[in-house]
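Please read the structure below before turning to the comments.
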Amino acid sequence: MKQQLLALVAALGLVVGGATAQAADTVKIGLMAPLTGSWASEGQGMKKIVELLADQQNAKGGVLGKKIVVVTEDDGGDPRTASLAAQRLTTRDVVAVVGTYGSSVTEASQAIYNEAKIPQIANGSTAIRLTEKGFKHFFRTAPRDDEQGRMAAQTIEKLGFKKIAILHDNTSYAKGLADEANTLLKSKGAEVVFFDALTPGERDYTAILTKLKGANPDVVLFTGYYPEAGLLLRQKKDMNWKAPFLGGDATNNVDLVKIAGKEAAEGFYFLSPPQPQDLDTPDAAAFLTDYQKKYNELPPSIWAVLAGDGFRVMVAGIAGAKSTDGDKIAEYLHKDLKDYPGLSGPISFDAKGDREGEVYRVYKVDGEGKFVLQKM
Amino acid sequence: MEEFLQQLTNGLAVGGIYALIALGYTMVYGVLKLINFAHGDLFTYGAYLGLTLLTSLALTDRLGFALGVLVLVLMVMGLVAVLGAILERVAYRPLRESPRLSAVVSALGASIFLQNALMLLYGARFQVYPDHILPTATLNVFGLYLPLMRVLIVLASVAMMIALYLFIQKTRIGAAIRAAAIDQGAARLMGIDVNRVILLVFLMGPALGGVAGLMVGLYYGQINFTMGWVYGMKAFTAAILGGIGNIPGAMVGGLLLGVIEALGAAYISIAWKDAIAFLVLILILIVRPTGLLGERVADKI
């Protein structure tokens, strides 16, 4: 009996030893994603994309001559679940973590990874404060909320509009965007002839439109959400007013056209990160083909694709630093990674871990009610 | 001046809708001294029923625009009236002899029930009326842009209000309603069936609210299950502004509230437009506690 037990222990030891030996031949990259909860479709897309890219990278020889293993944890789209998921990942020898989607969820996990010196790269979290905390190991492929304001000002300038009206809806997101654009436009010498807020949830915005029309702007920047944008466009057309409208990314929803009607929606500009099918880099075209071949669908959103970019950046970071040490990877990403060819365009990081360069694109609604990417 | 007139017409169009809904509040209050908090939700049901009937029966395709919309209006009025009568039967009649607070709580409960039932039936997303049904012509009168539909909405609202007023003032049933509003006990002694009067009030008020919902759906296109809350609040305010329990008061209050909002937005600040409207309400109530047209009712001894 005793001998049998010894043999068992020895056998176990062999298995464990074997496993450790095997572990040394792999590089573990964590993925924290909302696989359940209200953002589950995003999370499932993130998982599919990262797994596909990991398989492709392994077929090319992995990284540092080792095979990549993706360790996935569900954050449930919930900050409390996320902090537990982060703690589990830190104890499972992952060298880097990709994710996650919601800003508040990412925020709950940031300090845990930073303390464990594990580089983290978020894909959907746009809140400004995330990169204002001085965490050395935090990066994101998503744009920051204030980048949209910059892009709005830039787009208005490029389209040649001089007199601008800005309308928001007093939500913190819309007001923040409106304030940002207002400051930038004024500093560029554009004339902001109107700045005010409407009350969301109403039906009749003609009083506001009449006042807007009286200010006689070249363009109206509306930073609120699609239900109000749709009504504004519809009632603007009824007033026979032709001035173009430009919306923020909260107007990117197919219901916008349904509410406004195709005729009224035609010519509406809005800013948004590119839709997955509009990604124009060569890598993206190949990636989309592979993704469709494997899963028979399109990625759910650009945010899931940005998780794929996060994964690729981390692999590049490990390869570039020639190490799986968190400090070295982070340093490489901050200093040496320049214009890495991501699926969503070139990727570089500034000292805070924010992505440099533009992610936002300009879309315009055509006569059929389709969202068409504009070459600017 | 041009902008002022434009804003005035904007305000009247919104105010017409407020007034139609306010009539439902004021009629019920007049007879029962009860604020029917579920009235805003009956308005929403009008909008949803209109959408369902319109798309499933293809009325405007079969009957042409004018006749189709007329049939639609009658159907929605009928259905929402039935809904109002059921509401009265289920939520208010059992509490007729209870303290007034119980009935108010029941009204709030009915409102929550109706709203959530609608969400479960239709989903939480915005619903949209088909956009090719209405004529989109815009009249240009002395440089003012008046979409034809807005003019029709205001005219239809005013016509319905006048019809209601005449009905209440000139017919025997109207006299019965007025009698029940003044003193239910005395009305009963005079041989008036007060329960039938109350039922009638709960048929007429919701019918008008339902039509208002249908008009909002047809004209603005976009509806959702919570829209009755904002409109209900505004219409309730309008009813108080004009003097609750008073039918011409509800009309005046509704139109006035719409105009105050539009002019407040135009000349002071858009973001403050609701605050301005409520400030005016407070000022009017300080000067005339019973509202603009409300009569002072002698306190019972």
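Naming works like this for the structure tokens: A, B, ... for the chains as they're shown, residue 1 at the start of each chain, ligands 1 onward in shown order.
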Which polymer residues have any atom within 8 Å of an atom of range 119-134 of chain A, counting only C-alpha atoms, with same-chain residues fewer than 2 positions away left out, as a PyMOL selection string?
chain A and resi 95-104+106-107+110+113-114+117+136-146+303-304+306-307+310+314+326-327+329-330+352-354
Excluding range 344-348 of chain A and any residue of its chain fewer than 4 positions from it, enumerate the residues within 10 Å of it, using only C-alpha atoms, and give them as a PyMOL selection string.
chain A and resi 141-142+273-276+278-284+302+305-306+308-310+313+333-340+353-360
Okay, now the selection with C-alpha atoms, as a PDB file, in the first residue's frame?
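This is the output file selection-v3.pdb:
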```pdb
ATOM      1  CA  THR A 141      -5.822  50.731 -28.374  1.00  0.00           C
ATOM      2  CA  ALA A 142      -9.113  52.602 -27.964  1.00  0.00           C
ATOM      3  CA  PRO A 273     -14.090  54.674 -35.222  1.00  0.00           C
ATOM      4  CA  PRO A 274     -14.261  52.731 -38.514  1.00  0.00           C
ATOM      5  CA  GLN A 275     -16.729  49.873 -38.815  1.00  0.00           C
ATOM      6  CA  PRO A 276     -14.818  46.559 -39.029  1.00  0.00           C
ATOM      7  CA  ASP A 278     -14.333  49.616 -43.494  1.00  0.00           C
ATOM      8  CA  LEU A 279     -10.845  48.954 -42.121  1.00  0.00           C
ATOM      9  CA  ASP A 280      -8.481  49.793 -44.949  1.00  0.00           C
ATOM     10  CA  THR A 281      -5.083  48.437 -43.906  1.00  0.00           C
ATOM     11  CA  PRO A 282      -3.787  45.416 -45.889  1.00  0.00           C
ATOM     12  CA  ASP A 283      -3.536  43.366 -42.687  1.00  0.00           C
ATOM     13  CA  ALA A 284      -7.160  44.132 -41.930  1.00  0.00           C
ATOM     14  CA  ILE A 302     -14.552  47.909 -33.950  1.00  0.00           C
ATOM     15  CA  VAL A 305     -11.071  44.360 -33.410  1.00  0.00           C
ATOM     16  CA  LEU A 306      -9.143  46.721 -31.127  1.00  0.00           C
ATOM     17  CA  GLY A 308      -7.065  41.951 -31.650  1.00  0.00           C
ATOM     18  CA  ASP A 309      -4.785  44.951 -32.100  1.00  0.00           C
ATOM     19  CA  GLY A 310      -4.009  44.838 -28.394  1.00  0.00           C
ATOM     20  CA  VAL A 313       0.866  44.834 -29.971  1.00  0.00           C
ATOM     21  CA  LEU A 333       5.862  49.744 -25.904  1.00  0.00           C
ATOM     22  CA  HIS A 334       6.323  53.248 -24.515  1.00  0.00           C
ATOM     23  CA  LYS A 335       9.607  54.054 -26.234  1.00  0.00           C
ATOM     24  CA  ASP A 336      10.444  51.774 -29.140  1.00  0.00           C
ATOM     25  CA  LEU A 337       7.158  50.740 -30.703  1.00  0.00           C
ATOM     26  CA  LYS A 338       6.517  53.279 -33.446  1.00  0.00           C
ATOM     27  CA  ASP A 339       3.768  53.069 -36.051  1.00  0.00           C
ATOM     28  CA  TYR A 340       3.181  49.378 -35.555  1.00  0.00           C
ATOM     29  CA  GLY A 353      -0.054  54.696 -22.561  1.00  0.00           C
ATOM     30  CA  ASP A 354      -2.585  56.414 -24.801  1.00  0.00           C
ATOM     31  CA  ARG A 355      -2.642  55.636 -28.451  1.00  0.00           C
ATOM     32  CA  GLU A 356      -1.150  58.298 -30.701  1.00  0.00           C
ATOM     33  CA  GLY A 357      -2.726  59.180 -34.002  1.00  0.00           C
ATOM     34  CA  GLU A 358      -6.278  59.104 -35.226  1.00  0.00           C
ATOM     35  CA  VAL A 359      -8.751  56.321 -34.783  1.00  0.00           C
ATOM     36  CA  TYR A 360     -11.847  58.336 -35.621  1.00  0.00           C
TER      37      TYR A 360
END
```
DSSP on the backbone, then: every residue of range 110-186 of chain B marked alpha helix (DSSP H), written as a PyMOL selection string.
chain B and resi 110-122+148-170+172-182+184-186
Selection to disk with C-alpha atoms, as a PDB file, in the first residue's frame:
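Output saved as selection29.pdb:
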```pdb
ATOM      1  CA  ALA B 110     -51.450  51.412 -12.968  1.00  0.00           C
ATOM      2  CA  SER B 111     -48.997  53.747 -14.717  1.00  0.00           C
ATOM      3  CA  ILE B 112     -46.023  51.502 -13.886  1.00  0.00           C
ATOM      4  CA  PHE B 113     -47.949  48.414 -14.948  1.00  0.00           C
ATOM      5  CA  LEU B 114     -49.065  49.881 -18.285  1.00  0.00           C
ATOM      6  CA  GLN B 115     -45.590  51.176 -19.112  1.00  0.00           C
ATOM      7  CA  ASN B 116     -43.821  47.917 -18.388  1.00  0.00           C
ATOM      8  CA  ALA B 117     -46.474  45.838 -20.133  1.00  0.00           C
ATOM      9  CA  LEU B 118     -45.826  47.906 -23.235  1.00  0.00           C
ATOM     10  CA  MET B 119     -42.070  47.352 -22.914  1.00  0.00           C
ATOM     11  CA  LEU B 120     -42.559  43.593 -22.652  1.00  0.00           C
ATOM     12  CA  LEU B 121     -44.904  43.546 -25.647  1.00  0.00           C
ATOM     13  CA  TYR B 122     -42.907  45.746 -27.996  1.00  0.00           C
ATOM     14  CA  LEU B 148     -48.700  71.139 -43.570  1.00  0.00           C
ATOM     15  CA  MET B 149     -48.925  68.410 -40.955  1.00  0.00           C
ATOM     16  CA  ARG B 150     -48.304  70.833 -38.103  1.00  0.00           C
ATOM     17  CA  VAL B 151     -51.104  73.049 -39.287  1.00  0.00           C
ATOM     18  CA  LEU B 152     -53.382  70.014 -39.540  1.00  0.00           C
ATOM     19  CA  ILE B 153     -52.390  68.872 -36.046  1.00  0.00           C
ATOM     20  CA  VAL B 154     -53.189  72.244 -34.499  1.00  0.00           C
ATOM     21  CA  LEU B 155     -56.474  72.486 -36.412  1.00  0.00           C
ATOM     22  CA  ALA B 156     -57.466  68.943 -35.442  1.00  0.00           C
ATOM     23  CA  SER B 157     -56.630  69.577 -31.782  1.00  0.00           C
ATOM     24  CA  VAL B 158     -58.608  72.800 -31.682  1.00  0.00           C
ATOM     25  CA  ALA B 159     -61.559  71.201 -33.483  1.00  0.00           C
ATOM     26  CA  MET B 160     -61.648  68.326 -31.003  1.00  0.00           C
ATOM     27  CA  MET B 161     -61.414  70.721 -28.071  1.00  0.00           C
ATOM     28  CA  ILE B 162     -64.269  72.859 -29.357  1.00  0.00           C
ATOM     29  CA  ALA B 163     -66.392  69.771 -30.002  1.00  0.00           C
ATOM     30  CA  LEU B 164     -65.736  68.575 -26.463  1.00  0.00           C
ATOM     31  CA  TYR B 165     -66.562  71.988 -25.036  1.00  0.00           C
ATOM     32  CA  LEU B 166     -69.855  72.166 -26.904  1.00  0.00           C
ATOM     33  CA  PHE B 167     -70.681  68.606 -25.881  1.00  0.00           C
ATOM     34  CA  ILE B 168     -70.138  69.422 -22.216  1.00  0.00           C
ATOM     35  CA  GLN B 169     -71.966  72.758 -22.346  1.00  0.00           C
ATOM     36  CA  LYS B 170     -74.877  72.119 -24.691  1.00  0.00           C
ATOM     37  CA  ARG B 172     -77.976  66.767 -21.583  1.00  0.00           C
ATOM     38  CA  ILE B 173     -75.148  64.275 -21.011  1.00  0.00           C
ATOM     39  CA  GLY B 174     -72.755  67.197 -20.733  1.00  0.00           C
ATOM     40  CA  ALA B 175     -75.004  68.751 -18.148  1.00  0.00           C
ATOM     41  CA  ALA B 176     -74.960  65.458 -16.233  1.00  0.00           C
ATOM     42  CA  ILE B 177     -71.170  65.463 -16.275  1.00  0.00           C
ATOM     43  CA  ARG B 178     -71.070  69.025 -15.023  1.00  0.00           C
ATOM     44  CA  ALA B 179     -73.571  68.191 -12.312  1.00  0.00           C
ATOM     45  CA  ALA B 180     -71.533  65.189 -11.162  1.00  0.00           C
ATOM     46  CA  ALA B 181     -68.451  67.400 -11.088  1.00  0.00           C
ATOM     47  CA  ILE B 182     -70.105  69.919  -8.796  1.00  0.00           C
ATOM     48  CA  GLN B 184     -71.935  63.780  -6.846  1.00  0.00           C
ATOM     49  CA  GLY B 185     -74.439  63.230  -4.050  1.00  0.00           C
ATOM     50  CA  ALA B 186     -76.821  65.911  -5.282  1.00  0.00           C
TER      51      ALA B 186
END
```
Identify every residue of chain B that has at least one atom within 8 Å of any atom of chain A, counting only C-alpha atoms, and report the result as a list in words.
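Residues of chain B within 8 Å of chain A, counting only C-alpha atoms: Glu3, Gln6, Gln7, Asn10, Gly11, Val14, Phe126, Val128, Asp131, Thr136, Thr138, Tyr145, Leu146, Pro147, Val216, Tyr220, Gly221, Gln222, Met227, Val230, Ala262, Leu263, Ala265, Ala266, Ser269, Ile270 and Ala271 of chain B.
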Taking 4 positions as the minimum chain separation for residues in the same chain, which residues sit within 8 Å of Ile21 in chain B when counting only C-alpha atoms? Answer as an mmCIF file with C-alpha atoms, in the first residue's frame.
```cif
data_model
loop_
_atom_site.group_PDB
_atom_site.id
_atom_site.type_symbol
_atom_site.label_atom_id
_atom_site.label_comp_id
_atom_site.auth_asym_id
_atom_site.auth_seq_id
_atom_site.Cartn_x
_atom_site.Cartn_y
_atom_site.Cartn_z
ATOM 1 C CA ILE B 17 -50.754 68.210 -28.112
ATOM 2 C CA TYR B 25 -56.448 64.972 -16.689
ATOM 3 C CA HIS B 39 -53.171 59.073 -18.383
ATOM 4 C CA GLY B 40 -49.729 59.690 -19.904
ATOM 5 C CA PHE B 43 -51.302 58.461 -24.551
ATOM 6 C CA GLY B 205 -60.453 61.512 -21.742
ATOM 7 C CA LEU B 208 -58.422 62.240 -26.678
ATOM 8 C CA GLY B 209 -55.126 61.214 -25.074
ATOM 9 C CA ALA B 212 -52.708 62.851 -29.175
ATOM 10 C CA TYR B 231 -45.880 64.446 -22.168
ATOM 11 C CA GLY B 232 -47.947 63.466 -19.142
ATOM 12 C CA ALA B 235 -49.971 68.123 -19.821
#
```
Choose the residue, out of A:Thr90, A:Asn216, A:Ser109, A:Ser38, that has the smallest atom-to-atom separation from Pro244 in chain A; count only C-alpha atoms.
A:Asn216
